[in-house]
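Comments concern the structure below.
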There are 2 protein chains.
Amino acid sequence: MLDISLIAGLPPFEDMSHADLGDLLSKARSQHFAKGDHIFRQGEDARNFHVLLDGHIRVVKITPDGEQVIARYISSGEVFGIAMAIGRTTYPANAIAAVDCVVLTWPSSIWQSTVESYPSFSTKTYHTIGSRLQDAQERIVEMATERVEQRVATAILKLIKQTGKPTGDGLQIDFPISRQDLSEMTGTTLHTVSRLMSAWENNGYIKSGRQKVTVIQGDKLQLIAGGEKT
Amino acid sequence: MLDISLIAGLPPFEDMSHADLGDLLSKARSQHFAKGDHIFRQGEDARNFHVLLDGHIRVVKITPDGEQVIARYISSGEVFGIAMAIGRTTYPANAIAAVDCVVLTWPSSIWQSTVESYPSFSTKTYHTIGSRLQDAQERIVEMATERVEQRVATAILKLIKQTGKPTGDGLQIDFPISRQDLSEMTGTTLHTVSRLMSAWENNGYIKSGRQKVTVIQGDKLQLIAGGEKT
DNA sequence: GCGCCGGTTTGCGTAACATCAAACAGGACC
DNA sequence: GGTCCTGTTTGATGTTACGCAAACCGGCGC
């Protein structure tokens, strides 16, 4: 039904035999989500885990008083929604399609047997969790020690590194992202992000439009991220 | 040489047979660290992994420009220094004995075989990493959305929950902790922490002295942590 | 083509905290 | 008991970035 080539090249599945891949795929179903759809919601029972085949997904935490914090963006090829791997029974955040997405979905019930049967998948997955932990720790350090300007620059550079797509002038973040989104990634307000980006655009470091960001002079942003005053 | 009773009751090792425990212990060595000693340093080759048998350990990240951020405190019974579990070859932070400590140490070389041989240990360990990830994500949300006052209150309550020891008046954090330490946990300055704690002491919520904090009215702190104005 | 809506820009006042500065106190050591 | 050291308190001043407000803009649907 689903073709092995869908996942054969993806990081979580490399080192798995074709037979194993077929086995695993036979238990999966493929889903399409339109831009803006929720793949799952915070607090919901973690009934499935997923791999993103195509698109970009925004993972958002919501606080008791309704504020939103973007935990991360998922790019294609990544596993996500693996709550049970970290001993949870519910999802810790919302997952929202930033663009139209194609997702492979497995029932959580086969998680345990899956990690046991395919040790390379298991190792890869735990390393994924590990790198998310490191990422989170780094963000804590940033938030604790850096000023807003640096954090916004860092966030943009990280997205460019993760998803940068060449355009005429430079590298562009290849999904729609608003000032508000960037503020929710960096713990500030859309106003402050807008002010910073206006200044950078005036200096020719970036070009930006409605939900678009293109980095022209990454080195300059890098300097700002590193804490240079101008 | 080392007695099984040392680790038999500890969370990471429950569900392991006595034979397995003996096996594992035979490869361990026990070490003593005086207050202030480094168990390992950031950037160093991760040659060992550890379990804390007694004491408290401060895990500190250092930024390129020398600022310090406290990632967490380790309490007795926890595994730590498990860099290789998350695919690193070096330690991501300093580990410093907050008080005199007793530590069990294994060479990293046996990590892989250990997680493979003892699935219950493996599961427990990955859940530990998972809960540290959740913890980190929560801290990001806090730093992004809450004011300093709330964060400091939350930090104190978390330490009380983790290590609170009953005294005459209330629960005391059972290792020496300075205003500076609290500021490095919450991304603020020792001055601000001092001001907040002075106010709380005046209100009778806490008692504090040199590197000591005792919580008298945890419910009041809880209100502050939750965002109540007074 | 026009109006509407969501996203964006920009100005102004100000709260929250950092920074600078200086005095103060508890212990450890002699 | 005195001295030194480290941690703590408190005040005065400065700055960052938030909150509020209002205007603006670009695309989409009608």
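Chain identifiers are assigned as A, B, and so on, following the order in which chains appear in the structure tokens; residues are numbered from 1 within each chain, and ligands are numbered from 1 in order of appearance.
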
Chain B fitted onto chain A, all C-alpha pairs in order, as a CSV table (one decimal) with C-alpha atoms, in the first residue's frame:
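Produced file part-v4.csv, reproduced below:
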```csv
chain,number,residue,atom,x,y,z
B,1,MET,CA,0.0,0.0,0.0
B,2,LEU,CA,2.6,2.6,1.1
B,3,ASP,CA,5.9,2.5,-0.7
B,4,ILE,CA,9.1,1.8,1.1
B,5,SER,CA,10.8,4.6,-0.8
B,6,LEU,CA,8.7,7.0,1.3
B,7,ILE,CA,10.8,6.5,4.4
B,8,ALA,CA,13.9,4.5,3.2
B,9,GLY,CA,16.1,7.5,3.0
B,10,LEU,CA,15.0,9.2,6.2
B,11,PRO,CA,17.3,9.5,9.2
B,12,PRO,CA,15.2,7.6,11.7
B,13,PHE,CA,15.0,4.6,9.4
B,14,GLU,CA,18.4,4.4,7.8
B,15,ASP,CA,20.2,1.1,8.8
B,16,MET,CA,16.9,-0.7,8.7
B,17,SER,CA,16.5,-3.6,6.3
B,18,HIS,CA,13.9,-3.4,3.5
B,19,ALA,CA,12.0,-6.2,5.1
B,20,ASP,CA,11.8,-4.4,8.4
B,21,LEU,CA,10.8,-1.2,6.6
B,22,GLY,CA,8.0,-3.0,4.8
B,23,ASP,CA,6.9,-4.5,8.1
B,24,LEU,CA,6.8,-1.1,9.8
B,25,LEU,CA,5.1,0.6,6.9
B,26,SER,CA,2.3,-2.0,6.8
B,27,LYS,CA,1.2,-0.7,10.2
B,28,ALA,CA,1.3,2.9,9.2
B,29,ARG,CA,-1.3,5.1,7.6
B,30,SER,CA,-0.6,8.3,5.7
B,31,GLN,CA,-2.5,11.4,6.4
B,32,HIS,CA,-2.8,14.8,4.9
B,33,PHE,CA,-3.1,18.0,6.9
B,34,ALA,CA,-4.0,21.4,5.5
B,35,LYS,CA,-2.1,24.5,6.6
B,36,GLY,CA,-3.4,25.4,10.1
B,37,ASP,CA,-4.7,22.0,11.0
B,38,HIS,CA,-3.9,20.5,14.3
B,39,ILE,CA,-2.1,17.2,14.1
B,40,PHE,CA,-2.6,16.8,17.9
B,41,ARG,CA,-3.5,18.9,20.9
B,42,GLN,CA,-1.8,19.5,24.2
B,43,GLY,CA,-3.2,17.3,26.9
B,44,GLU,CA,-4.9,14.9,24.5
B,45,ASP,CA,-4.2,11.2,24.9
B,46,ALA,CA,-1.1,10.3,22.9
B,47,ARG,CA,-2.8,7.7,20.7
B,48,ASN,CA,-0.3,8.0,17.8
B,49,PHE,CA,3.2,8.8,16.9
B,50,HIS,CA,4.3,10.3,13.6
B,51,VAL,CA,6.9,11.0,11.0
B,52,LEU,CA,6.6,14.1,8.9
B,53,LEU,CA,7.1,13.2,5.3
B,54,ASP,CA,6.5,16.7,3.8
B,55,GLY,CA,5.8,20.1,5.2
B,56,HIS,CA,6.6,22.0,8.4
B,57,ILE,CA,5.0,21.7,11.8
B,58,ARG,CA,4.9,24.2,14.6
B,59,VAL,CA,4.9,22.8,18.1
B,60,VAL,CA,3.3,25.2,20.5
B,61,LYS,CA,2.8,25.1,24.3
B,62,ILE,CA,-0.1,27.0,25.8
B,63,THR,CA,0.1,28.3,29.3
B,64,PRO,CA,-2.8,28.2,31.8
B,65,ASP,CA,-3.5,31.9,31.0
B,66,GLY,CA,-3.6,31.4,27.3
B,67,GLU,CA,-0.1,32.6,26.3
B,68,GLN,CA,1.7,30.6,23.6
B,69,VAL,CA,5.3,29.6,23.4
B,70,ILE,CA,6.7,27.9,20.3
B,71,ALA,CA,8.8,24.9,21.4
B,72,ARG,CA,10.1,24.1,18.0
B,73,TYR,CA,9.5,23.6,14.3
B,74,ILE,CA,9.5,20.1,12.9
B,75,SER,CA,10.9,19.6,9.4
B,76,SER,CA,10.3,16.7,7.0
B,77,GLY,CA,12.0,13.5,7.9
B,78,GLU,CA,11.6,14.0,11.7
B,79,VAL,CA,9.7,11.8,14.1
B,80,PHE,CA,7.3,13.7,16.4
B,81,GLY,CA,4.5,13.1,18.9
B,82,ILE,CA,6.6,10.5,20.6
B,83,ALA,CA,5.2,11.3,24.1
B,84,MET,CA,5.4,7.7,25.2
B,85,ALA,CA,9.1,7.6,24.6
B,86,ILE,CA,9.5,10.0,27.5
B,87,GLY,CA,7.0,8.3,29.7
B,88,ARG,CA,4.0,10.4,29.0
B,89,THR,CA,0.5,9.3,28.1
B,90,THR,CA,-0.7,12.7,26.8
B,91,TYR,CA,0.8,15.2,24.3
B,92,PRO,CA,2.7,18.0,26.0
B,93,ALA,CA,2.0,20.6,23.3
B,94,ASN,CA,-0.1,21.4,20.2
B,95,ALA,CA,1.2,20.4,16.8
B,96,ILE,CA,0.0,22.6,14.0
B,97,ALA,CA,0.7,22.3,10.3
B,98,ALA,CA,2.6,25.5,9.3
B,99,VAL,CA,2.0,24.5,5.6
B,100,ASP,CA,0.1,21.7,4.0
B,101,CYS,CA,1.7,18.5,5.4
B,102,VAL,CA,2.0,14.8,4.7
B,103,VAL,CA,2.4,12.7,7.8
B,104,LEU,CA,2.8,9.0,8.5
B,105,THR,CA,1.0,7.8,11.6
B,106,TRP,CA,1.4,4.8,13.8
B,107,PRO,CA,-0.7,3.8,16.8
B,108,SER,CA,1.1,4.3,20.1
B,109,SER,CA,0.3,0.7,21.0
B,110,ILE,CA,3.1,-0.5,18.8
B,111,TRP,CA,5.7,1.9,20.2
B,112,GLN,CA,7.2,-0.5,22.7
B,113,SER,CA,7.5,-3.4,20.3
B,114,THR,CA,8.9,-1.1,17.7
B,115,VAL,CA,11.8,0.2,19.7
B,116,GLU,CA,12.5,-3.3,20.9
B,117,SER,CA,12.4,-4.8,17.4
B,118,TYR,CA,14.5,-2.2,15.6
B,119,PRO,CA,17.4,-1.2,17.8
B,120,SER,CA,18.8,1.3,15.2
B,121,PHE,CA,15.5,3.1,15.2
B,122,SER,CA,15.5,3.1,18.9
B,123,THR,CA,19.0,4.6,19.2
B,124,LYS,CA,18.2,7.2,16.5
B,125,THR,CA,15.0,8.2,18.3
B,126,TYR,CA,16.6,8.6,21.7
B,127,HIS,CA,19.4,10.6,20.1
B,128,THR,CA,16.7,12.8,18.7
B,129,ILE,CA,15.2,13.3,22.2
B,130,GLY,CA,18.7,14.0,23.4
B,131,SER,CA,19.3,16.7,20.9
B,132,ARG,CA,16.0,18.3,21.7
B,133,LEU,CA,17.1,18.3,25.4
B,134,GLN,CA,20.3,20.0,24.5
B,135,ASP,CA,18.5,22.4,22.4
B,136,ALA,CA,16.1,23.2,25.2
B,137,GLN,CA,19.0,23.7,27.7
B,138,GLU,CA,20.7,26.0,25.2
B,139,ARG,CA,17.5,28.0,24.9
B,140,ILE,CA,17.3,28.3,28.7
B,141,VAL,CA,20.8,29.7,28.8
B,142,GLU,CA,20.0,32.1,26.0
B,143,MET,CA,16.9,33.4,27.8
B,144,ALA,CA,18.8,33.7,31.0
B,145,THR,CA,21.8,35.6,29.7
B,146,GLU,CA,21.1,37.2,26.3
B,147,ARG,CA,19.1,40.3,25.3
B,148,VAL,CA,16.1,40.1,23.1
B,149,GLU,CA,18.0,41.4,20.1
B,150,GLN,CA,20.4,38.5,20.3
B,151,ARG,CA,17.7,35.9,20.9
B,152,VAL,CA,15.7,37.0,17.8
B,153,ALA,CA,18.8,37.0,15.6
B,154,THR,CA,19.7,33.5,16.9
B,155,ALA,CA,16.1,32.2,16.3
B,156,ILE,CA,16.1,33.5,12.7
B,157,LEU,CA,19.5,32.0,12.0
B,158,LYS,CA,18.5,28.7,13.5
B,159,LEU,CA,15.4,28.5,11.2
B,160,ILE,CA,17.5,29.5,8.2
B,161,LYS,CA,19.9,26.7,9.0
B,162,GLN,CA,17.1,24.2,9.5
B,163,THR,CA,14.9,25.2,6.5
B,164,GLY,CA,16.8,27.9,4.5
B,165,LYS,CA,15.8,27.9,0.8
B,166,PRO,CA,17.9,29.9,-1.7
B,167,THR,CA,16.1,32.7,-3.4
B,168,GLY,CA,17.3,35.5,-5.6
B,169,ASP,CA,18.8,37.6,-2.7
B,170,GLY,CA,19.6,35.1,0.0
B,171,LEU,CA,18.2,32.3,2.1
B,172,GLN,CA,14.6,32.3,2.9
B,173,ILE,CA,12.7,30.6,5.7
B,174,ASP,CA,10.6,28.2,3.7
B,175,PHE,CA,7.3,28.4,5.5
B,176,PRO,CA,5.1,31.4,6.5
B,177,ILE,CA,6.3,32.9,9.8
B,178,SER,CA,4.9,36.0,11.4
B,179,ARG,CA,6.5,38.5,13.7
B,180,GLN,CA,4.2,37.0,16.3
B,181,ASP,CA,5.6,33.6,15.7
B,182,LEU,CA,9.1,34.8,16.2
B,183,SER,CA,8.1,36.6,19.4
B,184,GLU,CA,6.7,33.4,20.7
B,185,MET,CA,9.9,31.6,20.0
B,186,THR,CA,12.0,34.2,21.8
B,187,GLY,CA,9.9,35.3,24.7
B,188,THR,CA,9.1,38.8,23.5
B,189,THR,CA,6.4,40.8,21.8
B,190,LEU,CA,5.6,41.1,18.1
B,191,HIS,CA,6.2,44.8,18.4
B,192,THR,CA,9.8,44.4,19.5
B,193,VAL,CA,10.4,41.8,16.8
B,194,SER,CA,9.0,44.1,14.3
B,195,ARG,CA,11.2,47.0,15.4
B,196,LEU,CA,14.3,44.8,15.3
B,197,MET,CA,13.5,43.5,11.9
B,198,SER,CA,12.8,46.9,10.5
B,199,ALA,CA,16.2,48.1,11.7
B,200,TRP,CA,17.9,45.0,10.2
B,201,GLU,CA,16.1,45.5,6.9
B,202,ASN,CA,17.2,49.2,6.8
B,203,ASN,CA,20.8,47.9,7.3
B,204,GLY,CA,20.4,45.4,4.5
B,205,TYR,CA,20.9,42.4,6.7
B,206,ILE,CA,17.5,40.9,5.8
B,207,LYS,CA,14.5,41.3,3.5
B,208,SER,CA,11.1,40.6,4.9
B,209,GLY,CA,7.5,40.8,4.0
B,210,ARG,CA,4.2,39.4,5.2
B,211,GLN,CA,5.1,36.2,6.9
B,212,LYS,CA,8.3,36.0,4.9
B,213,VAL,CA,11.9,36.4,6.1
B,214,THR,CA,15.0,36.3,3.8
B,215,VAL,CA,18.5,36.6,5.3
B,216,ILE,CA,20.9,38.6,3.1
B,217,GLN,CA,23.9,39.0,5.4
B,218,GLY,CA,23.9,36.1,7.7
B,219,ASP,CA,27.3,37.1,9.1
B,220,LYS,CA,25.9,40.4,10.3
B,221,LEU,CA,23.1,38.6,12.1
B,222,GLN,CA,25.6,36.2,13.5
B,223,LEU,CA,27.5,39.1,15.0
B,224,ILE,CA,24.3,40.4,16.6
B,225,ALA,CA,23.4,36.9,17.9
B,226,GLY,CA,26.9,36.7,19.4
B,227,GLY,CA,26.3,40.0,21.3
B,228,GLU,CA,28.0,42.7,19.2
B,229,LYS,CA,26.5,46.0,19.9
B,230,THR,CA,25.9,47.0,16.3
```

DSSP-assigned alpha helix (DSSP H) among chain B, expressed as an MDAnalysis selection string: chainID B and resid 5:8 18:26 111:117 119:145 148:163 179:186 190:202 218:226

For DA22 in chain C: contacts at 12 Å, only C-alpha atoms (C1' of nucleotides), fewer than 6 positions along chain excluded, given as number ranges by chain: D: 9-12

Chain C residues near chain A (10 Å cut-off, only C-alpha atoms (C1' of nucleotides)) as a PyMOL selection string: chain C and resi 7-10

Interface, chain D side, toward chain A (10 Å; only C-alpha atoms (C1' of nucleotides)) as a PyMOL selection string: chain D and resi 16-19+25-27

Atom pair C1' of DG27 in chain C / C1' of DC5 in chain D: separation (Å): 9.3 Å

Every residue of range 65-163 of chain A that DSSP places in strand (DSSP E), as a PyMOL selection string: chain A and resi 68-75+79-80+94-97+101-107

One-decimal distance in Å that lies between C1' of DT14 in chain C and C1' of DT13 in chain D: 15.6 Å

Contacts of DC30 in chain C at 10 Å (only C-alpha atoms (C1' of nucleotides); same-chain gap of 2+ positions) as a PyMOL selection string: (chain C and resi 28) or (chain D and resi 2-3)

Selection export as a compact mmCIF listing (two decimals), in the first residue's frame, atoms kept: N, CA and C atoms (P, O5', C5', C4', C3', O3' and C1' of nucleotides):
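Result file part-v1.txt:
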```txt
# COMPACT_ATOMS: atom_id res chain seq x y z
P DA C 28 31.77 28.38 60.12
O5' DA C 28 33.32 28.52 59.75
C5' DA C 28 33.68 28.93 58.43
C4' DA C 28 35.12 29.42 58.41
C3' DA C 28 36.08 28.57 59.25
O3' DA C 28 37.30 28.43 58.52
C1' DA C 28 36.17 30.81 59.96
P DG D 2 38.06 42.95 70.57
O5' DG D 2 38.81 42.76 69.18
C5' DG D 2 40.23 42.84 69.14
C4' DG D 2 40.73 42.28 67.85
C3' DG D 2 40.25 43.03 66.60
O3' DG D 2 41.38 43.27 65.77
C1' DG D 2 39.79 40.74 66.37
P DT D 3 41.33 44.30 64.58
O5' DT D 3 41.47 43.38 63.30
C5' DT D 3 42.45 42.34 63.29
C4' DT D 3 42.24 41.47 62.07
C3' DT D 3 41.73 42.22 60.84
O3' DT D 3 42.46 41.78 59.72
C1' DT D 3 40.32 40.41 61.30
```

Neighbour list for DG29 in chain D as a VMD selection string, cut-off 12 Å, only C-alpha atoms (C1' of nucleotides), skip fewer than 5 positions in-chain: chain C and resid 2 to 5

Just the selected residues (C-alpha atoms (C1' of nucleotides)), exported as a compact mmCIF listing (two decimals), in the first residue's frame, please.
```
# COMPACT_ATOMS: atom_id res chain seq x y z
C1' DC C 2 -13.73 48.01 -3.23
C1' DG C 3 -13.90 46.72 1.44
C1' DC C 4 -12.28 43.83 4.93
C1' DC C 5 -9.11 41.28 7.70
```

Atomic separation - C1' of DA21 in chain D relative to C1' of DA16 in chain C, Å: 20.9 Å
